[in-house]
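Shown next: final00.pdb, given as PDB, C-alpha atoms.
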```pdb
ATOM      1  CA  GLN A   1      25.164  64.502  36.121
ATOM      2  CA  GLN A   2      25.913  60.877  36.890
ATOM      3  CA  GLN A   3      23.637  58.815  34.699
ATOM      4  CA  VAL A   4      25.116  55.387  35.421
ATOM      5  CA  LYS A   5      25.802  54.296  38.988
ATOM      6  CA  GLN A   6      28.001  51.246  39.511
ATOM      7  CA  SER A   7      28.628  49.168  42.611
ATOM      8  CA  PRO A   8      30.590  47.927  44.391
ATOM      9  CA  GLN A   9      33.691  50.061  43.915
ATOM     10  CA  SER A  10      35.894  47.065  44.741
ATOM     11  CA  LEU A  11      35.271  43.347  45.023
ATOM     12  CA  ILE A  12      37.328  40.421  46.258
ATOM     13  CA  VAL A  13      36.260  36.920  45.211
ATOM     14  CA  GLN A  14      37.792  33.523  45.734
ATOM     15  CA  LYS A  15      38.817  31.488  42.698
ATOM     16  CA  GLY A  16      35.844  29.532  41.427
ATOM     17  CA  GLY A  17      33.316  31.906  42.957
ATOM     18  CA  ILE A  18      30.767  34.165  41.287
ATOM     19  CA  SER A  19      31.544  37.850  40.816
ATOM     20  CA  ILE A  20      28.576  40.198  40.559
ATOM     21  CA  ILE A  21      28.773  43.865  39.588
ATOM     22  CA  ASN A  22      25.664  46.012  39.501
ATOM     23  CA  CYS A  23      24.727  49.121  37.547
ATOM     24  CA  ALA A  24      21.718  51.403  37.605
ATOM     25  CA  TYR A  25      20.894  53.995  34.995
ATOM     26  CA  GLU A  26      18.634  57.022  34.776
ATOM     27  CA  ASN A  27      18.444  57.785  31.074
ATOM     28  CA  THR A  28      15.623  55.772  29.526
ATOM     29  CA  ALA A  29      16.914  56.725  26.063
ATOM     30  CA  PHE A  30      19.929  54.422  26.467
ATOM     31  CA  ASP A  31      19.734  51.739  23.780
ATOM     32  CA  TYR A  32      22.981  49.865  24.290
ATOM     33  CA  PHE A  33      24.667  48.672  27.480
ATOM     34  CA  PRO A  34      28.272  47.498  27.131
ATOM     35  CA  TRP A  35      30.714  46.293  29.735
ATOM     36  CA  TYR A  36      34.389  47.139  29.350
ATOM     37  CA  GLN A  37      37.265  45.269  30.999
ATOM     38  CA  GLN A  38      40.522  47.015  31.854
ATOM     39  CA  PHE A  39      43.721  45.268  32.892
ATOM     40  CA  PRO A  40      46.450  47.215  34.723
ATOM     41  CA  GLY A  41      48.467  49.360  32.353
ATOM     42  CA  LYS A  42      46.010  48.862  29.517
ATOM     43  CA  GLY A  43      43.053  50.670  28.088
ATOM     44  CA  PRO A  44      39.507  49.365  28.531
ATOM     45  CA  ALA A  45      38.296  46.820  25.981
ATOM     46  CA  LEU A  46      34.764  45.729  25.164
ATOM     47  CA  LEU A  47      33.873  42.552  27.056
ATOM     48  CA  ILE A  48      30.178  41.968  26.453
ATOM     49  CA  ALA A  49      27.143  44.078  25.620
ATOM     50  CA  ILE A  50      23.361  43.911  25.612
ATOM     51  CA  ARG A  51      20.454  45.750  24.056
ATOM     52  CA  PRO A  52      17.389  46.555  26.203
ATOM     53  CA  ASP A  53      15.066  44.266  24.251
ATOM     54  CA  VAL A  54      16.579  41.146  25.871
ATOM     55  CA  SER A  55      16.851  40.218  29.545
ATOM     56  CA  GLU A  56      20.053  38.209  29.432
ATOM     57  CA  LYS A  57      23.178  37.807  27.318
ATOM     58  CA  LYS A  58      25.719  35.094  27.967
ATOM     59  CA  GLU A  59      29.213  34.705  26.533
ATOM     60  CA  GLY A  60      31.222  31.927  28.111
ATOM     61  CA  ARG A  61      31.556  32.622  31.836
ATOM     62  CA  PHE A  62      30.252  36.181  31.483
ATOM     63  CA  THR A  63      26.544  36.992  31.677
ATOM     64  CA  ILE A  64      24.673  40.294  31.592
ATOM     65  CA  SER A  65      21.290  40.343  33.320
ATOM     66  CA  PHE A  66      19.077  43.252  32.334
ATOM     67  CA  ASN A  67      15.973  44.569  34.121
ATOM     68  CA  LYS A  68      14.423  47.316  32.024
ATOM     69  CA  SER A  69      11.608  48.159  34.446
ATOM     70  CA  ALA A  70      14.040  48.634  37.315
ATOM     71  CA  LYS A  71      16.594  50.366  35.072
ATOM     72  CA  GLN A  72      19.285  48.057  36.342
ATOM     73  CA  PHE A  73      21.741  45.635  34.807
ATOM     74  CA  SER A  74      24.495  43.461  36.179
ATOM     75  CA  LEU A  75      27.539  41.473  35.125
ATOM     76  CA  HIS A  76      27.981  37.969  36.491
ATOM     77  CA  ILE A  77      31.302  36.198  36.168
ATOM     78  CA  MET A  78      30.931  32.502  36.841
ATOM     79  CA  ASP A  79      33.844  30.355  38.040
ATOM     80  CA  SER A  80      35.940  33.487  38.558
ATOM     81  CA  GLN A  81      39.648  33.101  37.810
ATOM     82  CA  PRO A  82      42.707  35.109  38.871
ATOM     83  CA  GLY A  83      43.038  36.160  35.226
ATOM     84  CA  ASP A  84      39.673  37.942  35.572
ATOM     85  CA  SER A  85      41.258  40.396  38.024
ATOM     86  CA  ALA A  86      40.712  43.766  36.376
ATOM     87  CA  THR A  87      38.634  46.909  36.537
ATOM     88  CA  TYR A  88      35.177  46.614  35.007
ATOM     89  CA  PHE A  89      33.123  49.499  33.665
ATOM     90  CA  CYS A  90      29.469  49.375  32.776
ATOM     91  CA  ALA A  91      28.085  51.967  30.408
ATOM     92  CA  GLY A  92      24.936  53.178  28.734
ATOM     93  CA  GLU A  93      24.706  54.725  25.309
ATOM     94  CA  SER A  94      22.273  57.023  23.583
ATOM     95  CA  GLY A  95      24.473  58.432  20.834
ATOM     96  CA  LYS A  96      27.033  59.070  23.570
ATOM     97  CA  LEU A  97      28.626  56.553  25.897
ATOM     98  CA  ILE A  98      28.272  57.247  29.638
ATOM     99  CA  PHE A  99      30.432  55.112  31.919
ATOM    100  CA  GLY A 100      29.863  53.978  35.470
ATOM    101  CA  GLN A 101      32.443  54.599  38.192
ATOM    102  CA  GLY A 102      34.223  51.267  37.720
ATOM    103  CA  THR A 103      34.691  48.164  39.892
ATOM    104  CA  GLU A 104      38.105  46.817  40.764
ATOM    105  CA  LEU A 105      37.806  43.021  40.895
ATOM    106  CA  SER A 106      40.428  40.874  42.575
ATOM    107  CA  VAL A 107      40.134  37.091  42.318
ATOM    108  CA  LYS A 108      42.212  35.321  44.967
ATOM    109  CA  PRO A 109      43.768  31.903  44.196
TER     110      PRO A 109
ATOM    111  CA  GLU B   1      47.748  45.401  13.985
ATOM    112  CA  ALA B   2      44.714  47.616  14.574
ATOM    113  CA  GLN B   3      45.463  49.947  17.427
ATOM    114  CA  VAL B   4      45.223  53.326  19.082
ATOM    115  CA  THR B   5      48.633  54.691  20.046
ATOM    116  CA  GLN B   6      49.130  57.342  22.698
ATOM    117  CA  ASN B   7      52.339  59.099  23.634
ATOM    118  CA  PRO B   8      53.852  59.561  26.072
ATOM    119  CA  ARG B   9      52.796  56.803  28.509
ATOM    120  CA  TYR B  10      53.988  58.803  31.501
ATOM    121  CA  LEU B  11      54.421  62.545  31.874
ATOM    122  CA  ILE B  12      55.417  64.660  34.844
ATOM    123  CA  THR B  13      55.226  68.407  34.416
ATOM    124  CA  VAL B  14      54.859  71.631  36.358
ATOM    125  CA  THR B  15      51.928  73.968  36.626
ATOM    126  CA  GLY B  16      51.552  76.216  33.601
ATOM    127  CA  LYS B  17      53.901  74.427  31.214
ATOM    128  CA  LYS B  18      52.037  73.666  27.993
ATOM    129  CA  LEU B  19      51.961  70.045  26.935
ATOM    130  CA  THR B  20      50.509  67.861  24.196
ATOM    131  CA  VAL B  21      49.519  64.217  24.380
ATOM    132  CA  THR B  22      49.414  62.603  20.964
ATOM    133  CA  CYS B  23      46.908  60.009  19.766
ATOM    134  CA  SER B  24      46.929  58.124  16.489
ATOM    135  CA  GLN B  25      44.713  55.329  15.153
ATOM    136  CA  ASN B  26      45.308  53.092  12.134
ATOM    137  CA  MET B  27      41.749  51.805  11.653
ATOM    138  CA  ASN B  28      40.415  54.652   9.495
ATOM    139  CA  HIS B  29      37.919  55.475  12.242
ATOM    140  CA  GLU B  30      35.881  58.650  11.911
ATOM    141  CA  TYR B  31      35.097  59.058  15.607
ATOM    142  CA  MET B  32      37.773  59.821  18.201
ATOM    143  CA  SER B  33      37.503  60.848  21.818
ATOM    144  CA  TRP B  34      39.518  61.684  24.910
ATOM    145  CA  TYR B  35      38.662  60.479  28.422
ATOM    146  CA  ARG B  36      40.150  60.963  31.824
ATOM    147  CA  GLN B  37      39.989  58.247  34.449
ATOM    148  CA  ASP B  38      39.943  59.143  38.120
ATOM    149  CA  PRO B  39      39.313  56.829  41.110
ATOM    150  CA  GLY B  40      35.654  56.695  42.010
ATOM    151  CA  LEU B  41      34.657  58.797  39.002
ATOM    152  CA  GLY B  42      35.079  56.304  36.183
ATOM    153  CA  LEU B  43      35.792  57.461  32.643
ATOM    154  CA  ARG B  44      34.699  60.977  31.819
ATOM    155  CA  GLN B  45      34.716  62.362  28.317
ATOM    156  CA  ILE B  46      36.809  65.472  27.695
ATOM    157  CA  TYR B  47      36.380  66.129  23.962
ATOM    158  CA  TYR B  48      35.336  64.171  20.930
ATOM    159  CA  SER B  49      35.551  64.450  17.156
ATOM    160  CA  MET B  50      33.137  63.045  14.630
ATOM    161  CA  ASN B  51      35.446  63.683  11.682
ATOM    162  CA  VAL B  52      38.255  65.897  10.400
ATOM    163  CA  GLU B  53      37.845  69.493  11.557
ATOM    164  CA  VAL B  54      34.744  68.549  13.606
ATOM    165  CA  THR B  55      35.259  68.595  17.372
ATOM    166  CA  ASP B  56      32.960  69.122  20.343
ATOM    167  CA  LYS B  57      33.081  69.339  24.112
ATOM    168  CA  GLY B  58      32.457  66.352  26.311
ATOM    169  CA  ASP B  59      31.548  66.420  29.986
ATOM    170  CA  VAL B  60      34.778  67.872  31.410
ATOM    171  CA  PRO B  61      36.369  70.093  28.705
ATOM    172  CA  GLU B  62      37.674  72.926  30.907
ATOM    173  CA  GLY B  63      41.433  73.405  30.609
ATOM    174  CA  TYR B  64      41.801  71.239  27.514
ATOM    175  CA  LYS B  65      41.986  71.773  23.756
ATOM    176  CA  VAL B  66      41.954  69.354  20.849
ATOM    177  CA  SER B  67      42.417  69.461  17.107
ATOM    178  CA  ARG B  68      41.568  67.072  14.264
ATOM    179  CA  LYS B  69      43.504  68.096  11.188
ATOM    180  CA  GLU B  70      43.957  64.529   9.943
ATOM    181  CA  LYS B  71      41.641  61.572  10.307
ATOM    182  CA  ARG B  72      44.156  59.412  12.139
ATOM    183  CA  ASN B  73      45.428  61.961  14.707
ATOM    184  CA  PHE B  74      43.657  63.602  17.636
ATOM    185  CA  PRO B  75      46.074  65.366  20.007
ATOM    186  CA  LEU B  76      45.058  66.595  23.449
ATOM    187  CA  ILE B  77      46.526  69.953  24.443
ATOM    188  CA  LEU B  78      46.833  71.377  27.940
ATOM    189  CA  GLU B  79      47.729  75.040  27.477
ATOM    190  CA  SER B  80      48.341  75.734  31.173
ATOM    191  CA  PRO B  81      48.204  72.508  33.186
ATOM    192  CA  SER B  82      47.102  72.602  36.811
ATOM    193  CA  PRO B  83      47.401  69.964  39.568
ATOM    194  CA  ASN B  84      43.693  69.063  39.254
ATOM    195  CA  GLN B  85      44.490  67.758  35.774
ATOM    196  CA  THR B  86      46.661  65.039  37.274
ATOM    197  CA  SER B  87      44.947  61.938  35.937
ATOM    198  CA  LEU B  88      45.063  58.920  33.646
ATOM    199  CA  TYR B  89      44.087  59.893  30.112
ATOM    200  CA  PHE B  90      42.752  57.646  27.382
ATOM    201  CA  CYS B  91      42.246  58.230  23.700
ATOM    202  CA  ALA B  92      39.635  56.086  21.946
ATOM    203  CA  SER B  93      38.262  55.651  18.457
ATOM    204  CA  SER B  94      35.412  53.899  16.685
ATOM    205  CA  LEU B  95      33.877  53.716  13.224
ATOM    206  CA  ALA B  96      31.065  56.080  14.121
ATOM    207  CA  LEU B  97      29.818  58.354  16.890
ATOM    208  CA  GLY B  98      29.757  56.773  20.318
ATOM    209  CA  SER B  99      29.953  53.021  20.572
ATOM    210  CA  SER B 100      27.191  51.455  18.554
ATOM    211  CA  TYR B 101      26.416  47.769  18.722
ATOM    212  CA  ASN B 102      28.695  47.011  15.768
ATOM    213  CA  SER B 103      31.367  49.596  16.448
ATOM    214  CA  PRO B 104      32.888  49.380  19.927
ATOM    215  CA  LEU B 105      35.334  51.932  21.225
ATOM    216  CA  HIS B 106      39.007  50.998  20.848
ATOM    217  CA  PHE B 107      41.149  52.526  23.565
ATOM    218  CA  GLY B 108      44.821  53.367  23.704
ATOM    219  CA  ASN B 109      46.926  52.199  26.658
ATOM    220  CA  GLY B 110      46.724  55.489  28.481
ATOM    221  CA  THR B 111      48.897  58.425  29.501
ATOM    222  CA  ARG B 112      49.501  58.979  33.191
ATOM    223  CA  LEU B 113      49.940  62.698  33.746
ATOM    224  CA  THR B 114      51.212  64.278  36.947
ATOM    225  CA  VAL B 115      51.134  68.067  37.324
ATOM    226  CA  THR B 116      53.074  69.458  40.289
TER     227      THR B 116
END
```
structure tokens encoding of this file:
Amino acid sequence: QQQVKQSPQSLIVQKGGISIINCAYENTAFDYFPWYQQFPGKGPALLIAIRPDVSEKKEGRFTISFNKSAKQFSLHIMDSQPGDSATYFCAGESGKLIFGQGTELSVKP
Amino acid sequence: EAQVTQNPRYLITVTGKKLTVTCSQNMNHEYMSWYRQDPGLGLRQIYYSMNVEVTDKGDVPEGYKVSRKEKRNFPLILESPSPNQTSLYFCASSLALGSSYNSPLHFGNGTRLTVT
């Protein structure tokens, strides 16, 4: 049962552009929505997270937008840089973490 | 340095030959978990452990075994590997069950397994 659907599967963005990755969830019991960033050859690492009682969380160039009524949330990367090239996973948690399918982001110089 | 260490990083084996992937964490975490990563499927949980001698199945446990005899170690055992277990495997740990707001999952750097 896929409880978190992530799109797109891959994304190519020019340097300086905005990268947007979307996730939709089914389980209304989720109470924590993290995003993990994974560089090639490395394990995922927590990037930014949000709780469902707020609509937006910003940390530097990374912003999570959260729409509880639509059961959707998204990651926006402003001024995307080649160093942001990685795979990004959204997730939802209700005692257990359920990951989305992942998005491979490539930022071209 | 706080870390989760997996070994080996790469492993090529043949169908049916038992293997073990080791995982060790130095953060005194109670919760440990194994995931497999496959293209288009994301990270799927295989097994997890809430503490020593306490383990439970995740979403894709078939063909795998685990043990938690010590707090720091959580090996993944494939008794009779098959080609459909070819994947990238990650061990992870955190202070408590799941990944609460104050206790994110810490992942190892992965083990790429190929079963021929």
Inset, instruction - Residues of chain A near chain B: apply a cut-off of 7 Å, count only C-alpha atoms, and supply the list as a ChimeraX atom specification. - result: /A:32,41-46,95-97,99-102
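Against the coordinates shown, the PyMOL selection byres ((chain A and resi 108) around 10) returns Ile12, Val13, Gln14, Lys15, Gly16, Gly17, Ser80, Gln81, Pro82, Gly83, Ser85, Leu105, Ser106, Val107 and Pro109 of chain A.
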Please, could you write that set of residues out with C-alpha atoms as a JSON list (two decimals), in the coordinates of the input?
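Saved the output as result.json:
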```json
[["chain", "number", "residue", "atom", "x", "y", "z"],
["A", 12, "ILE", "CA", 37.33, 40.42, 46.26],
["A", 13, "VAL", "CA", 36.26, 36.92, 45.21],
["A", 14, "GLN", "CA", 37.79, 33.52, 45.73],
["A", 15, "LYS", "CA", 38.82, 31.49, 42.70],
["A", 16, "GLY", "CA", 35.84, 29.53, 41.43],
["A", 17, "GLY", "CA", 33.32, 31.91, 42.96],
["A", 80, "SER", "CA", 35.94, 33.49, 38.56],
["A", 81, "GLN", "CA", 39.65, 33.10, 37.81],
["A", 82, "PRO", "CA", 42.71, 35.11, 38.87],
["A", 83, "GLY", "CA", 43.04, 36.16, 35.23],
["A", 85, "SER", "CA", 41.26, 40.40, 38.02],
["A", 105, "LEU", "CA", 37.81, 43.02, 40.90],
["A", 106, "SER", "CA", 40.43, 40.87, 42.58],
["A", 107, "VAL", "CA", 40.13, 37.09, 42.32],
["A", 109, "PRO", "CA", 43.77, 31.90, 44.20]]
```
Inset, instruction - Could you please determine the separation between atom CA of A:Gly92 and atom CA of A:Ile48 in Å, to one decimal place? - result: 12.6 Å
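Proximity to B:Gly16 was assessed for B:Ser80, B:Thr116, B:Ser49, B:Ser103 counting only C-alpha atoms; the smallest distance is recorded for B:Ser80.
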Inset, instruction - Check which residues satisfy the PyMOL selection byres ((chain B and resi 68) around 6) in the file shown, then give them as JSON, numbers by chain. - result: {"B": [52, 53, 67, 69, 70, 74]}
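The gap separating atom CA of A:Ile50 from atom CA of A:Asp84 is 20.0 Å, in Å to one decimal.
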Legend entry - Nearest to B:Ser82 by atom-to-atom distance, counting only C-alpha atoms, from B:Lys18, B:Tyr47, B:Gln6, B:Arg36: B:Lys18
Legend entry - Explicit residues for the PyMOL selection byres ((chain A and resi 52-62) around 10) (as an NGL selection string): :A and (18-19 or 28 or 30-33 or 47-51 or 63-68 or 71 or 73-80)
For C-alpha atoms, I'd like the residues from the last selection saved as a CSV table (one decimal), in the frame of the given file.
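Result file is result.csv:
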```csv
chain,number,residue,atom,x,y,z
A,18,ILE,CA,30.8,34.2,41.3
A,19,SER,CA,31.5,37.8,40.8
A,28,THR,CA,15.6,55.8,29.5
A,30,PHE,CA,19.9,54.4,26.5
A,31,ASP,CA,19.7,51.7,23.8
A,32,TYR,CA,23.0,49.9,24.3
A,33,PHE,CA,24.7,48.7,27.5
A,47,LEU,CA,33.9,42.6,27.1
A,48,ILE,CA,30.2,42.0,26.5
A,49,ALA,CA,27.1,44.1,25.6
A,50,ILE,CA,23.4,43.9,25.6
A,51,ARG,CA,20.5,45.8,24.1
A,63,THR,CA,26.5,37.0,31.7
A,64,ILE,CA,24.7,40.3,31.6
A,65,SER,CA,21.3,40.3,33.3
A,66,PHE,CA,19.1,43.3,32.3
A,67,ASN,CA,16.0,44.6,34.1
A,68,LYS,CA,14.4,47.3,32.0
A,71,LYS,CA,16.6,50.4,35.1
A,73,PHE,CA,21.7,45.6,34.8
A,74,SER,CA,24.5,43.5,36.2
A,75,LEU,CA,27.5,41.5,35.1
A,76,HIS,CA,28.0,38.0,36.5
A,77,ILE,CA,31.3,36.2,36.2
A,78,MET,CA,30.9,32.5,36.8
A,79,ASP,CA,33.8,30.4,38.0
A,80,SER,CA,35.9,33.5,38.6
```
Inset, instruction - Work out how far atom CA of A:Ser69 is from atom CA of A:Trp35, in Å to one decimal. - result: 19.8 Å
Inset, instruction - Name the residues in contact with B:Pro61 at a cut-off of 10 Å, using all atoms listed in the file, excluding same-chain residues fewer than 4 positions from it; report them as a ChimeraX atom specification. - result: /B:34-35,44-48,56-57,65-66
Inset, instruction - Identify, on the basis of only C-alpha atoms, every residue whose closest approach to A:Tyr25 does not exceed 7 Å; exclude the query and any residue fewer than 2 positions from it along the same chain; express the result as number ranges by chain. - result: A: 3-5, 23, 27, 71-72
Legend entry - Which residue of B:Thr15, B:Asn102, B:Thr22, B:Thr55 approaches B:Asn84 most closely, using all atoms listed in the file: B:Thr15
Can you put all heavy atoms back into stretch 95-106 of chain A and show it as a JSON list (two decimals), in the coordinates of the input?
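Printed below is rebuild-v4.json as written:
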```json
[["chain", "number", "residue", "atom", "x", "y", "z"],
["A", 95, "GLY", "N", 23.66, 57.56, 21.67],
["A", 95, "GLY", "CA", 24.47, 58.43, 20.83],
["A", 95, "GLY", "C", 25.80, 58.77, 21.49],
["A", 95, "GLY", "O", 26.78, 59.02, 20.83],
["A", 96, "LYS", "N", 25.84, 58.76, 22.78],
["A", 96, "LYS", "CA", 27.03, 59.07, 23.57],
["A", 96, "LYS", "C", 27.15, 58.02, 24.66],
["A", 96, "LYS", "O", 26.15, 57.62, 25.27],
["A", 96, "LYS", "CB", 26.89, 60.46, 24.17],
["A", 96, "LYS", "CG", 28.01, 60.88, 25.10],
["A", 96, "LYS", "CD", 27.72, 62.28, 25.63],
["A", 96, "LYS", "CE", 28.76, 62.68, 26.65],
["A", 96, "LYS", "NZ", 28.52, 64.04, 27.17],
["A", 97, "LEU", "N", 28.40, 57.60, 24.91],
["A", 97, "LEU", "CA", 28.63, 56.55, 25.90],
["A", 97, "LEU", "C", 28.87, 57.18, 27.27],
["A", 97, "LEU", "O", 29.75, 58.04, 27.42],
["A", 97, "LEU", "CB", 29.85, 55.74, 25.47],
["A", 97, "LEU", "CG", 30.01, 54.32, 25.97],
["A", 97, "LEU", "CD1", 28.79, 53.48, 25.59],
["A", 97, "LEU", "CD2", 31.26, 53.70, 25.41],
["A", 98, "ILE", "N", 28.10, 56.77, 28.27],
["A", 98, "ILE", "CA", 28.27, 57.25, 29.64],
["A", 98, "ILE", "C", 28.71, 56.06, 30.49],
["A", 98, "ILE", "O", 28.00, 55.05, 30.58],
["A", 98, "ILE", "CB", 26.96, 57.82, 30.21],
["A", 98, "ILE", "CG1", 26.44, 58.94, 29.31],
["A", 98, "ILE", "CG2", 27.18, 58.32, 31.64],
["A", 98, "ILE", "CD1", 27.32, 60.16, 29.25],
["A", 99, "PHE", "N", 29.88, 56.20, 31.14],
["A", 99, "PHE", "CA", 30.43, 55.11, 31.92],
["A", 99, "PHE", "C", 30.05, 55.20, 33.39],
["A", 99, "PHE", "O", 29.85, 56.29, 33.93],
["A", 99, "PHE", "CB", 31.96, 55.12, 31.82],
["A", 99, "PHE", "CG", 32.49, 54.68, 30.48],
["A", 99, "PHE", "CD1", 32.77, 55.61, 29.49],
["A", 99, "PHE", "CD2", 32.72, 53.34, 30.22],
["A", 99, "PHE", "CE1", 33.25, 55.22, 28.26],
["A", 99, "PHE", "CE2", 33.21, 52.93, 28.99],
["A", 99, "PHE", "CZ", 33.47, 53.87, 28.00],
["A", 100, "GLY", "N", 29.98, 54.04, 34.03],
["A", 100, "GLY", "CA", 29.86, 53.98, 35.47],
["A", 100, "GLY", "C", 31.21, 54.25, 36.11],
["A", 100, "GLY", "O", 32.21, 54.49, 35.44],
["A", 101, "GLN", "N", 31.24, 54.20, 37.46],
["A", 101, "GLN", "CA", 32.44, 54.60, 38.19],
["A", 101, "GLN", "C", 33.54, 53.53, 38.17],
["A", 101, "GLN", "O", 34.68, 53.81, 38.55],
["A", 101, "GLN", "CB", 32.09, 54.92, 39.64],
["A", 101, "GLN", "CG", 31.17, 56.10, 39.81],
["A", 101, "GLN", "CD", 29.71, 55.66, 39.88],
["A", 101, "GLN", "OE1", 29.29, 54.72, 39.23],
["A", 101, "GLN", "NE2", 28.94, 56.37, 40.68],
["A", 102, "GLY", "N", 33.23, 52.33, 37.78],
["A", 102, "GLY", "CA", 34.22, 51.27, 37.72],
["A", 102, "GLY", "C", 34.22, 50.41, 38.97],
["A", 102, "GLY", "O", 33.92, 50.88, 40.08],
["A", 103, "THR", "N", 34.56, 49.12, 38.79],
["A", 103, "THR", "CA", 34.69, 48.16, 39.89],
["A", 103, "THR", "C", 36.02, 47.44, 39.74],
["A", 103, "THR", "O", 36.29, 46.84, 38.70],
["A", 103, "THR", "CB", 33.56, 47.13, 39.88],
["A", 103, "THR", "OG1", 32.31, 47.79, 40.08],
["A", 103, "THR", "CG2", 33.77, 46.07, 40.95],
["A", 104, "GLU", "N", 36.82, 47.51, 40.77],
["A", 104, "GLU", "CA", 38.10, 46.82, 40.76],
["A", 104, "GLU", "C", 37.90, 45.42, 41.34],
["A", 104, "GLU", "O", 37.63, 45.26, 42.53],
["A", 104, "GLU", "CB", 39.13, 47.60, 41.58],
["A", 104, "GLU", "CG", 40.55, 47.12, 41.41],
["A", 104, "GLU", "CD", 41.56, 48.06, 42.05],
["A", 104, "GLU", "OE1", 41.23, 49.23, 42.29],
["A", 104, "GLU", "OE2", 42.68, 47.59, 42.33],
["A", 105, "LEU", "N", 38.01, 44.41, 40.49],
["A", 105, "LEU", "CA", 37.81, 43.02, 40.90],
["A", 105, "LEU", "C", 39.15, 42.34, 41.13],
["A", 105, "LEU", "O", 40.05, 42.40, 40.29],
["A", 105, "LEU", "CB", 37.03, 42.26, 39.82],
["A", 105, "LEU", "CG", 36.93, 40.74, 40.00],
["A", 105, "LEU", "CD1", 36.11, 40.40, 41.24],
["A", 105, "LEU", "CD2", 36.33, 40.08, 38.77],
["A", 106, "SER", "N", 39.25, 41.68, 42.27],
["A", 106, "SER", "CA", 40.43, 40.87, 42.58],
["A", 106, "SER", "C", 39.97, 39.45, 42.88],
["A", 106, "SER", "O", 39.15, 39.24, 43.77],
["A", 106, "SER", "CB", 41.17, 41.46, 43.78],
["A", 106, "SER", "OG", 42.28, 40.65, 44.11]]
```
